[in-house]
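Content type compact mmCIF, C-alpha atoms and all ligand atoms, from the file protein-v6.txt:
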# COMPACT_ATOMS: atom_id res chain seq x y z
CA MET A 1 0.00 0.00 0.00
CA THR A 2 1.27 3.47 -0.81
CA THR A 3 0.24 6.58 1.09
CA GLY A 4 -0.72 9.87 -0.48
CA PRO A 5 0.48 13.34 0.56
CA GLY A 6 -0.59 14.09 4.12
CA GLU A 7 -1.62 10.48 4.80
CA ARG A 8 -0.01 8.54 7.57
CA ASP A 9 1.42 5.09 6.94
CA GLU A 10 -0.06 3.05 9.77
CA ARG A 11 1.63 -0.16 8.83
CA ILE A 12 3.75 -1.79 11.51
CA LEU A 13 7.12 -3.42 10.96
CA VAL A 14 6.93 -7.12 11.75
CA ARG A 15 10.12 -9.14 12.06
CA LEU A 16 9.64 -12.87 12.00
CA ARG A 17 11.43 -16.03 10.99
CA VAL A 18 9.52 -18.24 8.58
CA ASN A 19 10.78 -21.73 7.75
CA GLY A 20 14.24 -20.67 8.88
CA VAL A 21 14.36 -17.42 6.88
CA GLU A 22 14.30 -13.98 8.53
CA HIS A 23 11.79 -11.46 7.21
CA ALA A 24 10.97 -7.83 8.02
CA VAL A 25 7.58 -6.89 6.58
CA ARG A 26 5.25 -3.93 7.02
CA ALA A 27 1.77 -5.14 7.97
CA GLU A 28 -1.55 -3.38 8.41
CA PRO A 29 -2.66 -3.32 12.06
CA ARG A 30 -5.60 -5.66 11.30
CA GLU A 31 -3.80 -7.90 8.80
CA SER A 32 -3.84 -11.59 9.70
CA LEU A 33 -0.78 -13.78 9.75
CA ALA A 34 -2.40 -15.85 6.98
CA GLU A 35 -2.63 -12.76 4.77
CA LEU A 36 0.95 -11.81 5.48
CA LEU A 37 2.20 -15.31 4.67
CA ARG A 38 0.18 -15.67 1.49
CA GLU A 39 0.20 -12.16 0.06
CA LYS A 40 3.47 -10.65 1.26
CA LEU A 41 5.71 -13.72 1.51
CA ARG A 42 3.96 -15.68 -1.28
CA LEU A 43 3.75 -18.78 0.89
CA THR A 44 0.43 -19.88 -0.55
CA GLY A 45 0.65 -23.40 0.85
CA THR A 46 -1.22 -22.07 3.88
CA HIS A 47 -4.86 -22.18 2.81
CA VAL A 48 -7.64 -19.91 3.97
CA GLY A 49 -11.15 -21.34 4.19
CA CYS A 50 -13.57 -20.09 6.82
CA GLU A 51 -11.44 -17.19 8.17
CA GLN A 52 -13.21 -17.77 11.49
CA GLY A 53 -11.00 -20.29 13.23
CA VAL A 54 -13.27 -23.23 12.43
CA CYS A 55 -11.87 -25.25 9.52
CA GLY A 56 -8.16 -25.50 10.39
CA ALA A 57 -6.99 -25.06 6.80
CA CYS A 58 -4.79 -22.12 7.81
CA THR A 59 -2.93 -23.95 10.60
CA VAL A 60 0.76 -23.08 10.97
CA LEU A 61 3.19 -23.49 13.84
CA LEU A 62 4.18 -20.52 15.96
CA ASP A 63 7.27 -21.38 17.98
CA GLY A 64 6.35 -25.03 17.44
CA ALA A 65 2.72 -24.78 18.56
CA SER A 66 -0.17 -24.92 16.11
CA VAL A 67 -2.18 -21.74 15.61
CA ARG A 68 -4.96 -20.60 13.29
CA SER A 69 -3.18 -18.06 11.15
CA CYS A 70 -6.51 -16.52 10.08
CA LEU A 71 -7.18 -15.52 13.68
CA LEU A 72 -3.69 -14.35 14.60
CA LEU A 73 -2.74 -10.81 13.70
CA ALA A 74 0.47 -10.54 11.73
CA VAL A 75 1.84 -8.14 14.33
CA GLN A 76 1.41 -10.85 16.98
CA ALA A 77 3.98 -12.93 15.14
CA ASP A 78 6.63 -10.24 15.58
CA GLY A 79 9.76 -11.80 17.05
CA HIS A 80 8.49 -15.35 16.60
CA GLU A 81 9.32 -18.37 14.51
CA VAL A 82 6.69 -19.58 12.07
CA THR A 83 6.65 -22.92 10.27
CA THR A 84 4.35 -23.39 7.30
CA VAL A 85 3.69 -26.44 5.17
CA GLU A 86 6.45 -25.26 2.83
CA GLY A 87 8.81 -25.82 5.76
CA LEU A 88 7.98 -29.52 5.61
CA ALA A 89 8.96 -29.61 1.96
CA SER A 90 12.43 -28.14 2.17
CA GLY A 91 15.90 -29.37 2.86
CA ALA A 92 16.18 -32.29 5.25
CA SER A 93 12.40 -32.60 5.37
CA ALA A 94 12.06 -33.57 1.73
CA SER A 95 11.67 -37.25 2.60
CA HIS A 96 9.69 -36.60 5.73
CA PRO A 97 7.72 -39.71 6.72
CA LEU A 98 4.59 -37.62 7.14
CA ARG A 99 4.67 -36.57 3.51
CA ARG A 100 5.41 -40.10 2.34
CA ALA A 101 2.66 -41.51 4.53
CA PHE A 102 0.07 -39.14 3.05
CA THR A 103 1.01 -40.31 -0.42
CA ASP A 104 1.10 -43.99 0.54
CA ASN A 105 -2.35 -43.84 2.13
CA HIS A 106 -4.08 -41.58 -0.42
CA ALA A 107 -4.79 -39.19 2.43
CA LEU A 108 -5.86 -36.29 0.27
CA GLN A 109 -8.24 -35.60 -2.54
CA CYS A 110 -8.74 -31.92 -3.39
CA GLY A 111 -5.93 -31.05 -0.96
CA PHE A 112 -7.54 -27.93 0.44
CA CYS A 113 -7.39 -29.12 4.05
CA THR A 114 -4.06 -30.89 3.66
CA PRO A 115 -1.60 -28.14 4.71
CA GLY A 116 -3.49 -27.60 7.94
CA VAL A 117 -3.79 -31.32 8.59
CA LEU A 118 -0.07 -31.80 7.97
CA MET A 119 0.89 -29.02 10.37
CA THR A 120 -1.37 -30.35 13.12
CA ALA A 121 -0.04 -33.87 12.60
CA TYR A 122 3.53 -32.57 12.57
CA GLU A 123 3.02 -30.86 15.92
CA LEU A 124 1.42 -34.02 17.33
CA LEU A 125 4.17 -36.34 16.14
CA SER A 126 6.89 -33.94 17.30
CA THR A 127 5.66 -34.28 20.86
CA ARG A 128 4.04 -37.72 21.16
CA ARG A 129 4.60 -41.19 19.79
CA GLY A 130 2.75 -44.51 20.02
CA LEU A 131 -0.54 -42.85 19.17
CA SER A 132 -3.88 -44.64 19.18
CA GLU A 133 -6.49 -43.98 16.52
CA ARG A 134 -8.44 -42.04 19.13
CA ASP A 135 -5.38 -39.87 19.94
CA ILE A 136 -5.06 -38.97 16.27
CA ARG A 137 -8.77 -38.32 15.80
CA VAL A 138 -8.86 -36.02 18.83
CA ALA A 139 -5.76 -34.10 17.71
CA LEU A 140 -7.14 -33.63 14.21
CA SER A 141 -10.68 -32.84 15.29
CA GLY A 142 -10.15 -29.17 14.51
CA ASN A 143 -9.10 -29.85 10.93
CA LEU A 144 -12.12 -30.32 8.69
CA CYS A 145 -11.95 -32.31 5.46
CA ARG A 146 -14.90 -32.51 3.13
CA CYS A 147 -13.38 -35.12 0.81
CA THR A 148 -11.58 -38.02 2.41
CA GLY A 149 -13.79 -39.41 5.15
CA TYR A 150 -10.63 -39.14 7.29
CA GLN A 151 -9.70 -42.85 7.03
CA GLY A 152 -6.69 -42.21 4.81
CA ILE A 153 -5.56 -39.30 6.98
CA ILE A 154 -5.71 -41.41 10.15
CA ALA A 155 -3.85 -44.26 8.44
CA ALA A 156 -1.19 -41.83 7.22
CA VAL A 157 -0.56 -40.38 10.65
CA ARG A 158 -0.35 -43.89 12.13
CA GLN A 159 2.21 -44.87 9.49
CA ALA A 160 4.22 -41.70 10.12
CA ASP A 161 4.10 -42.46 13.84
CA GLU A 162 5.66 -45.87 13.21
CA GLN A 163 8.32 -44.58 10.82
CA TRP A 164 9.15 -41.22 12.43
CA GLU A 165 12.10 -42.09 14.66
CA ARG A 166 13.52 -44.69 12.30
CA ASP A 167 13.62 -42.28 9.35
CA VAL A 168 14.08 -38.85 10.95
CA PRO A 169 15.52 -39.30 14.45
CA ASP A 170 16.05 -35.59 15.02
CA GLN A 171 13.87 -34.02 12.37
CA GLN A 172 12.51 -31.11 14.31
CA HIS A 173 15.95 -30.15 15.55
CA THR A 174 17.29 -30.25 12.01
CA ASP A 175 14.44 -28.05 10.75
CA ARG A 176 15.27 -25.26 13.14
CA GLN A 177 18.98 -24.97 12.42
CA HIS A 178 18.72 -22.61 9.43
S1 LIG B 1 -9.30 -20.36 7.58
FE1 LIG B 1 -8.50 -20.30 9.55
S2 LIG B 1 -9.60 -21.80 10.64
FE2 LIG B 1 -10.57 -21.74 8.68
S1 LIG B 2 -8.89 -33.38 0.75
FE1 LIG B 2 -10.46 -32.02 0.10
S2 LIG B 2 -10.98 -30.97 1.92
FE2 LIG B 2 -9.63 -32.50 2.60

Rewrite the coordinates I just gave you, this time as structure tokens.
Ligand code: FES
Ligand code: FES
Amino acid sequence: MTTGPGERDERILVRLRVNGVEHAVRAEPRESLAELLREKLRLTGTHVGCEQGVCGACTVLLDGASVRSCLLLAVQADGHEVTTVEGLASGASASHPLRRAFTDNHALQCGFCTPGVLMTAYELLSTRRGLSERDIRVALSGNLCRCTGYQGIIAAVRQADEQWERDVPDQQHTDRQH
């Protein structure tokens, strides 16, 4: 946005680290983190559905914890570390068991919900292992999918749970070293 003569620029400088890369971006006071990620940083893997905190499509990690980026103001991310679904697709994460498991189990159809589901599952598997089907269903209960019937998603997370430590013993640590 440009300002005309006599107009004040009310944008606020936000410094944040996204997928290991430092950014300094001017954001409108009411701009959401989802908008900043998609429109200013061109990280369009984060999807926006309901924009009301209901569907989970916009889920990203803020300092390792899942948040609805449609509900978080961009300015609230100042000084924090954000991980988006693109962060699961880079560098050492390219063969991440979660990604493989989603392919193996046909856990997506249109893919609209998938980035949010992946980020929620990533947070879950980064902190807990040996998950039951109920554990996975509860953790993913805030991520709505209108296509899959969830069976493939549950199977994928169970597979990733089994393969996680064998394939990526220190994945999360590796991701945060950039
Ligand atoms: S777009 Fe954020 S929860 Fe639906
Ligand atoms: S795969 Fe279409 S909404 Fe989940």

Hey, which residues sit close to ligand LIG 1 (chain B)? Say within 7 Å, counting only C-alpha atoms and all ligand atoms, and write them as a ChimeraX atom specification. /A:47-59,68-71

Please identify all polymer residues within 6 Å of Val18 in chain A, counting all atoms listed in the file, omitting same-chain residues fewer than 2 positions from it, and present them as JSON, numbers by chain. {"A": [20, 21, 81, 82, 83]}

Residue nearest ligand LIG 2 (chain B) among A:Ser132, A:Thr46, A:Ser141, A:Gln109 (counting all atoms listed in the file): A:Gln109

Distance filter 9 Å around ligand LIG 2 (chain B), atoms: all atoms listed in the file, out as an NGL selection string: :A and (57 or 107-114 or 117 or 143-150)

Write out as a ChimeraX atom specification the residues lying within 6 Å of Pro97 in chain A, counting all atoms listed in the file and excluding same-chain residues fewer than 3 positions away. /A:100-101,160

Using only C-alpha atoms, please write the residues we just selected to a file, as an mmCIF file, in the frame of the given file.
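Generated file (result.cif):
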data_model
loop_
_atom_site.group_PDB
_atom_site.id
_atom_site.type_symbol
_atom_site.label_atom_id
_atom_site.label_comp_id
_atom_site.auth_asym_id
_atom_site.auth_seq_id
_atom_site.Cartn_x
_atom_site.Cartn_y
_atom_site.Cartn_z
ATOM 1 C CA ARG A 100 5.410 -40.100 2.340
ATOM 2 C CA ALA A 101 2.660 -41.510 4.530
ATOM 3 C CA ALA A 160 4.220 -41.700 10.120
#

One-decimal distance in Å that lies between CA of Glu22 in chain A and CA of His96 in chain A: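 The value is 23.3 Å.
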
Find the residue from A:Val85, A:Leu125, A:Leu98, A:Ile136 that sits nearest to Leu61 in chain A; use all atoms listed in the file when measuring.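 Closest residue, counting all atoms listed in the file: A:Val85.
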
Counting all atoms listed in the file, find residues at most 12 Å from (-3.2, -7.4, 7.5) (file frame) and give them as a PDB file with C-alpha atoms, in the frame of the given file.
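Contents of the output file point33.pdb:
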ATOM      1  CA  MET A   1       0.000   0.000   0.000  1.00  0.00           C
ATOM      2  CA  GLU A  10      -0.060   3.050   9.770  1.00  0.00           C
ATOM      3  CA  ARG A  11       1.630  -0.160   8.830  1.00  0.00           C
ATOM      4  CA  ILE A  12       3.750  -1.790  11.510  1.00  0.00           C
ATOM      5  CA  LEU A  13       7.120  -3.420  10.960  1.00  0.00           C
ATOM      6  CA  VAL A  14       6.930  -7.120  11.750  1.00  0.00           C
ATOM      7  CA  VAL A  25       7.580  -6.890   6.580  1.00  0.00           C
ATOM      8  CA  ARG A  26       5.250  -3.930   7.020  1.00  0.00           C
ATOM      9  CA  ALA A  27       1.770  -5.140   7.970  1.00  0.00           C
ATOM     10  CA  GLU A  28      -1.550  -3.380   8.410  1.00  0.00           C
ATOM     11  CA  PRO A  29      -2.660  -3.320  12.060  1.00  0.00           C
ATOM     12  CA  ARG A  30      -5.600  -5.660  11.300  1.00  0.00           C
ATOM     13  CA  GLU A  31      -3.800  -7.900   8.800  1.00  0.00           C
ATOM     14  CA  SER A  32      -3.840 -11.590   9.700  1.00  0.00           C
ATOM     15  CA  LEU A  33      -0.780 -13.780   9.750  1.00  0.00           C
ATOM     16  CA  ALA A  34      -2.400 -15.850   6.980  1.00  0.00           C
ATOM     17  CA  GLU A  35      -2.630 -12.760   4.770  1.00  0.00           C
ATOM     18  CA  LEU A  36       0.950 -11.810   5.480  1.00  0.00           C
ATOM     19  CA  LEU A  37       2.200 -15.310   4.670  1.00  0.00           C
ATOM     20  CA  ARG A  38       0.180 -15.670   1.490  1.00  0.00           C
ATOM     21  CA  GLU A  39       0.200 -12.160   0.060  1.00  0.00           C
ATOM     22  CA  LYS A  40       3.470 -10.650   1.260  1.00  0.00           C
ATOM     23  CA  SER A  69      -3.180 -18.060  11.150  1.00  0.00           C
ATOM     24  CA  CYS A  70      -6.510 -16.520  10.080  1.00  0.00           C
ATOM     25  CA  LEU A  71      -7.180 -15.520  13.680  1.00  0.00           C
ATOM     26  CA  LEU A  72      -3.690 -14.350  14.600  1.00  0.00           C
ATOM     27  CA  LEU A  73      -2.740 -10.810  13.700  1.00  0.00           C
ATOM     28  CA  ALA A  74       0.470 -10.540  11.730  1.00  0.00           C
ATOM     29  CA  VAL A  75       1.840  -8.140  14.330  1.00  0.00           C
ATOM     30  CA  GLN A  76       1.410 -10.850  16.980  1.00  0.00           C
ATOM     31  CA  ALA A  77       3.980 -12.930  15.140  1.00  0.00           C
TER      32      ALA A  77
END

CA of Trp164 in chain A to CA of Asn105 in chain A, distance in Å rounded to a single decimal: 15.7 Å

Got a sec: who's within 7 Å of Glu123 in chain A, counting all atoms listed in the file, leaving out chain neighbours fewer than 4 positions off, as a list in words?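 The contact residues come out as Gly64, Ala65, Ser66, Met119 and Thr127 of chain A.
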
In Å, rounded to a single decimal, give me how far CA of His80 in chain A is from CA of Asp9 in chain A.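 Distance between the two atoms: 23.7 Å.
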
Using all atoms listed in the file, which of the listed residues (A:Ala155, A:Leu88, A:Ala121, A:Leu62) sits closest to Gly142 in chain A?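 Going through A:Ala155, A:Leu88, A:Ala121, A:Leu62 one by one, the smallest distance to Gly142 in chain A is for A:Ala121.
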
Could you tell me which of A:Ala89, A:Thr103, A:Val157, A:Arg134 comes closest to Tyr122 in chain A if we count all atoms listed in the file?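 Distance minimum relative to Tyr122 in chain A lands on A:Val157.
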
Find the residue from A:Gly116, A:Gly6, A:Gly45, A:Gly152 that sits nearest to Phe102 in chain A; use all atoms listed in the file when measuring.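 Once distances to Phe102 in chain A are computed over all atoms listed in the file, the minimum belongs to A:Gly152.
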
Which is closer to Val138 in chain A than all the others in A:Arg15, A:Leu124, A:Val60, A:Arg99, using all atoms listed in the file?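 Using all atoms listed in the file, Val138 in chain A sits closest to A:Leu124.
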